[in-house]
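Below is one structure, written out as structure tokens; comments come after it.
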Amino acid sequence: MTDNYGRTNVKHIFALGDVVAGNRQFTHLANHEGREIMQSILFPFWKKKIKPTIPPSVLYDREIEFARTGLTFEESRLEYGDDAIIEEKIDFTTNDRSRTEGKEEGYIKIIAKRLTLSVVGTEIVGKNAGEMINLLTLAMNEGVSLYRLKNTIIPY
């Protein structure tokens, strides 16, 4: 068990990553927590709480990657109710870059609250899914809605 700064019940002992109960076992999550803890150790007058984040997960394969973060559609319906959630799926076959590169296998699925369009979950299957999940993970962690994301121009 740790406090908001990663300290155990022994004040000068910190814990992060896999050893913290309830943490998902991701290297990138442990790295994030380690940076927050190091700031508190190096600058005790400027302690930084470990902010709870929704980490992405990626399964890497030679040809296709599977990336997801947040809730699944079923989980979000249970948490917010059937009528409060929408799901949008965009196949890579409709994307001109995917078609040009001949990498049309895959999709992006976004799960959001119906009225606010705040992202509660996302799933990406396809080439470079691990890189694509980052923007949607940021949107979830920082409360950026799809209304605001639609105005972002992303080069491809």
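Going by the structure tokens order, chains are called A, B, ..., each with residues numbered from 1, while ligands are numbered from 1 in the order shown.
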Name the residues of chain A that fall into strand (DSSP E) according to DSSP on the backbone, using the chain letters and numbers of this document, as a PyMOL selection string. chain A and resi 57-59+65-70+85-91+106-113+119-126
What would the file look like if the residues just selected were written as a short mmCIF file (atom, residue, chain, number, x, y, z; two decimals), in the first residue's frame with N, CA, C and O atoms?
data_model
loop_
_atom_site.label_atom_id
_atom_site.label_comp_id
_atom_site.auth_asym_id
_atom_site.auth_seq_id
_atom_site.Cartn_x
_atom_site.Cartn_y
_atom_site.Cartn_z
N SER A 57 -2.60 -0.01 -23.32
CA SER A 57 -1.93 -1.31 -23.42
C SER A 57 -1.82 -1.66 -24.90
O SER A 57 -2.72 -1.34 -25.69
N VAL A 58 -0.72 -2.28 -25.27
CA VAL A 58 -0.48 -2.63 -26.67
C VAL A 58 0.07 -4.04 -26.75
O VAL A 58 0.98 -4.40 -26.01
N LEU A 59 -0.49 -4.81 -27.65
CA LEU A 59 0.03 -6.14 -27.96
C LEU A 59 0.69 -6.01 -29.33
O LEU A 59 0.03 -5.66 -30.32
N GLU A 65 -0.92 -4.65 -34.75
CA GLU A 65 -0.86 -4.36 -33.32
C GLU A 65 -2.28 -4.18 -32.79
O GLU A 65 -3.18 -3.77 -33.52
N PHE A 66 -2.45 -4.49 -31.49
CA PHE A 66 -3.73 -4.33 -30.82
C PHE A 66 -3.50 -3.37 -29.66
O PHE A 66 -2.76 -3.70 -28.74
N ALA A 67 -4.14 -2.22 -29.70
CA ALA A 67 -3.96 -1.21 -28.65
C ALA A 67 -5.33 -0.84 -28.09
O ALA A 67 -6.31 -0.75 -28.83
N ARG A 68 -5.37 -0.64 -26.78
CA ARG A 68 -6.62 -0.21 -26.16
C ARG A 68 -6.31 0.57 -24.89
O ARG A 68 -5.25 0.42 -24.30
N THR A 69 -7.27 1.39 -24.50
CA THR A 69 -7.20 2.11 -23.24
C THR A 69 -8.61 2.42 -22.77
O THR A 69 -9.53 2.53 -23.59
N GLY A 70 -8.77 2.50 -21.47
CA GLY A 70 -10.08 2.82 -20.93
C GLY A 70 -11.02 1.64 -20.90
O GLY A 70 -10.61 0.48 -20.87
N ILE A 85 -24.00 6.12 -23.78
CA ILE A 85 -22.74 5.80 -24.45
C ILE A 85 -22.95 5.62 -25.95
O ILE A 85 -23.95 5.07 -26.40
N ILE A 86 -21.98 6.10 -26.72
CA ILE A 86 -21.97 5.85 -28.16
C ILE A 86 -20.64 5.19 -28.52
O ILE A 86 -19.64 5.36 -27.83
N GLU A 87 -20.67 4.45 -29.60
CA GLU A 87 -19.46 3.78 -30.09
C GLU A 87 -19.35 4.04 -31.58
O GLU A 87 -20.32 3.89 -32.32
N GLU A 88 -18.18 4.47 -31.99
CA GLU A 88 -17.93 4.73 -33.41
C GLU A 88 -16.74 3.88 -33.86
O GLU A 88 -15.71 3.88 -33.21
N LYS A 89 -16.91 3.19 -34.95
CA LYS A 89 -15.84 2.35 -35.49
C LYS A 89 -15.51 2.83 -36.90
O LYS A 89 -16.40 3.00 -37.73
N ILE A 90 -14.22 3.06 -37.13
CA ILE A 90 -13.75 3.54 -38.43
C ILE A 90 -12.77 2.51 -38.98
O ILE A 90 -11.71 2.29 -38.39
N ASP A 91 -13.14 1.90 -40.08
CA ASP A 91 -12.27 0.91 -40.71
C ASP A 91 -11.14 1.60 -41.48
O ASP A 91 -11.34 2.66 -42.08
N GLY A 106 -7.62 -3.38 -40.32
CA GLY A 106 -7.69 -2.77 -39.01
C GLY A 106 -8.77 -1.72 -38.89
O GLY A 106 -9.50 -1.42 -39.83
N TYR A 107 -8.85 -1.15 -37.70
CA TYR A 107 -9.88 -0.16 -37.40
C TYR A 107 -9.52 0.62 -36.13
O TYR A 107 -8.64 0.24 -35.38
N ILE A 108 -10.24 1.71 -35.95
CA ILE A 108 -10.20 2.48 -34.72
C ILE A 108 -11.63 2.50 -34.18
O ILE A 108 -12.57 2.78 -34.91
N LYS A 109 -11.77 2.17 -32.90
CA LYS A 109 -13.07 2.20 -32.24
C LYS A 109 -12.97 3.16 -31.06
O LYS A 109 -12.08 3.06 -30.24
N ILE A 110 -13.90 4.12 -31.00
CA ILE A 110 -13.92 5.10 -29.93
C ILE A 110 -15.26 4.97 -29.19
O ILE A 110 -16.32 4.95 -29.82
N ILE A 111 -15.18 4.92 -27.87
CA ILE A 111 -16.36 4.85 -27.02
C ILE A 111 -16.41 6.16 -26.24
O ILE A 111 -15.42 6.55 -25.61
N ALA A 112 -17.53 6.85 -26.30
CA ALA A 112 -17.64 8.17 -25.67
C ALA A 112 -18.99 8.34 -25.01
O ALA A 112 -19.96 7.65 -25.33
N LYS A 113 -19.06 9.31 -24.10
CA LYS A 113 -20.34 9.68 -23.51
C LYS A 113 -21.14 10.44 -24.57
O LYS A 113 -20.59 11.31 -25.25
N VAL A 119 -14.19 10.92 -24.16
CA VAL A 119 -13.75 9.57 -24.50
C VAL A 119 -13.63 8.76 -23.22
O VAL A 119 -12.98 9.18 -22.27
N VAL A 120 -14.25 7.58 -23.20
CA VAL A 120 -14.14 6.69 -22.04
C VAL A 120 -13.40 5.40 -22.38
O VAL A 120 -13.00 4.66 -21.49
N GLY A 121 -13.20 5.15 -23.66
CA GLY A 121 -12.47 3.96 -24.07
C GLY A 121 -12.16 4.00 -25.55
O GLY A 121 -12.82 4.69 -26.32
N THR A 122 -11.13 3.29 -25.93
CA THR A 122 -10.78 3.22 -27.34
C THR A 122 -10.01 1.94 -27.62
O THR A 122 -9.37 1.38 -26.73
N GLU A 123 -10.12 1.50 -28.85
CA GLU A 123 -9.43 0.28 -29.29
C GLU A 123 -8.95 0.52 -30.72
O GLU A 123 -9.71 1.02 -31.55
N ILE A 124 -7.71 0.17 -30.96
CA ILE A 124 -7.16 0.31 -32.31
C ILE A 124 -6.50 -1.00 -32.67
O ILE A 124 -5.70 -1.54 -31.91
N VAL A 125 -6.84 -1.51 -33.83
CA VAL A 125 -6.25 -2.73 -34.35
C VAL A 125 -5.69 -2.39 -35.72
O VAL A 125 -6.40 -1.88 -36.58
N GLY A 126 -4.40 -2.65 -35.92
CA GLY A 126 -3.80 -2.39 -37.22
C GLY A 126 -2.33 -2.03 -37.10
O GLY A 126 -1.76 -2.01 -36.01
#
Select from segment 95-138 of chain A everything DSSP, run on the backbone, classes as alpha helix (DSSP H), then give the selection as an MDAnalysis selection string. chainID A and resid 96:101 129:138
For the selection just defined, write its residues with N, CA, C and O atoms to a file, as a compact mmCIF listing (two decimals), in the first residue's frame.
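Ended up saving to again_10.txt:
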# COMPACT_ATOMS: atom_id res chain seq x y z
N ASP A 96 -7.37 7.11 -46.63
CA ASP A 96 -6.58 7.17 -47.86
C ASP A 96 -5.13 6.75 -47.67
O ASP A 96 -4.54 6.12 -48.53
N ARG A 97 -4.53 7.05 -46.53
CA ARG A 97 -3.14 6.63 -46.31
C ARG A 97 -3.06 5.11 -46.21
O ARG A 97 -2.16 4.49 -46.78
N SER A 98 -3.99 4.50 -45.47
CA SER A 98 -4.00 3.04 -45.36
C SER A 98 -4.16 2.40 -46.73
O SER A 98 -3.50 1.40 -47.04
N ARG A 99 -5.01 2.97 -47.54
CA ARG A 99 -5.25 2.42 -48.88
C ARG A 99 -4.01 2.59 -49.76
O ARG A 99 -3.62 1.69 -50.48
N THR A 100 -3.37 3.75 -49.68
CA THR A 100 -2.17 4.01 -50.49
C THR A 100 -1.04 3.07 -50.11
O THR A 100 -0.33 2.56 -50.98
N GLU A 101 -0.87 2.82 -48.80
CA GLU A 101 0.21 1.95 -48.33
C GLU A 101 -0.15 0.47 -48.41
O GLU A 101 0.69 -0.39 -48.12
N ALA A 129 -0.73 0.68 -34.39
CA ALA A 129 -1.78 1.00 -33.42
C ALA A 129 -1.19 1.55 -32.13
O ALA A 129 -1.78 2.42 -31.48
N GLY A 130 -0.01 1.06 -31.75
CA GLY A 130 0.65 1.52 -30.53
C GLY A 130 1.01 2.99 -30.56
O GLY A 130 1.05 3.66 -29.52
N GLU A 131 1.28 3.53 -31.73
CA GLU A 131 1.56 4.95 -31.86
C GLU A 131 0.27 5.76 -31.93
O GLU A 131 0.19 6.88 -31.44
N MET A 132 -0.76 5.20 -32.54
CA MET A 132 -2.01 5.93 -32.72
C MET A 132 -2.80 6.07 -31.42
O MET A 132 -3.59 7.01 -31.28
N ILE A 133 -2.63 5.17 -30.48
CA ILE A 133 -3.43 5.19 -29.25
C ILE A 133 -3.09 6.39 -28.36
O ILE A 133 -3.89 6.79 -27.52
N ASN A 134 -1.93 6.98 -28.56
CA ASN A 134 -1.44 8.03 -27.66
C ASN A 134 -2.34 9.26 -27.60
O ASN A 134 -2.59 9.79 -26.51
N LEU A 135 -2.82 9.73 -28.72
CA LEU A 135 -3.67 10.93 -28.73
C LEU A 135 -4.97 10.68 -27.96
O LEU A 135 -5.40 11.52 -27.17
N LEU A 136 -5.56 9.52 -28.15
CA LEU A 136 -6.81 9.21 -27.47
C LEU A 136 -6.59 8.95 -25.98
O LEU A 136 -7.44 9.28 -25.15
N THR A 137 -5.43 8.40 -25.62
CA THR A 137 -5.09 8.24 -24.21
C THR A 137 -4.94 9.61 -23.55
O THR A 137 -5.44 9.84 -22.44
N LEU A 138 -4.28 10.52 -24.22
CA LEU A 138 -4.14 11.89 -23.72
C LEU A 138 -5.50 12.54 -23.55
O LEU A 138 -5.77 13.17 -22.52
What is the atom CA of Asp3 of chain A to atom CA of Ser40 of chain A distance in Å?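 Spanning atom CA of Asp3 of chain A to atom CA of Ser40 of chain A is a straight-line distance of 12.5 Å.
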Rounded to one decimal place, report the atom CA of His32 of chain A-atom CA of Ile54 of chain A distance in Å.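 According to the coordinates, atom CA of His32 of chain A and atom CA of Ile54 of chain A are separated by 11.6 Å.
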Polymer residues at most 8 Å from Ala30 of chain A, only C-alpha atoms, same-chain spacing of 6 or more positions, as a PyMOL selection string: chain A and resi 16-18
Grab the residues selected above and save them as a PDB file, in the first residue's frame with all heavy atoms.
ATOM      1  N   LEU A  16       6.510   1.328  -6.556  1.00  0.00           N
ATOM      2  CA  LEU A  16       5.859   1.683  -7.812  1.00  0.00           C
ATOM      3  C   LEU A  16       5.736   0.447  -8.687  1.00  0.00           C
ATOM      4  O   LEU A  16       6.295  -0.599  -8.402  1.00  0.00           O
ATOM      5  CB  LEU A  16       6.656   2.773  -8.536  1.00  0.00           C
ATOM      6  CG  LEU A  16       8.108   2.459  -8.899  1.00  0.00           C
ATOM      7  CD1 LEU A  16       8.215   1.998 -10.325  1.00  0.00           C
ATOM      8  CD2 LEU A  16       8.944   3.686  -8.681  1.00  0.00           C
ATOM      9  N   GLY A  17       4.996   0.603  -9.753  1.00  0.00           N
ATOM     10  CA  GLY A  17       4.873  -0.475 -10.741  1.00  0.00           C
ATOM     11  C   GLY A  17       4.167  -1.702 -10.215  1.00  0.00           C
ATOM     12  O   GLY A  17       3.188  -1.621  -9.470  1.00  0.00           O
ATOM     13  N   ASP A  18       4.696  -2.858 -10.566  1.00  0.00           N
ATOM     14  CA  ASP A  18       4.063  -4.149 -10.277  1.00  0.00           C
ATOM     15  C   ASP A  18       3.887  -4.444  -8.798  1.00  0.00           C
ATOM     16  O   ASP A  18       3.014  -5.222  -8.433  1.00  0.00           O
ATOM     17  CB  ASP A  18       4.876  -5.291 -10.889  1.00  0.00           C
ATOM     18  CG  ASP A  18       4.973  -5.201 -12.397  1.00  0.00           C
ATOM     19  OD1 ASP A  18       4.451  -4.234 -12.968  1.00  0.00           O
ATOM     20  OD2 ASP A  18       5.571  -6.104 -12.993  1.00  0.00           O
TER      21      ASP A  18
END
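One distance worth recording is that between atom CA of Arg114 of chain A and atom CA of Ser145 of chain A, which is 10.9 Å.
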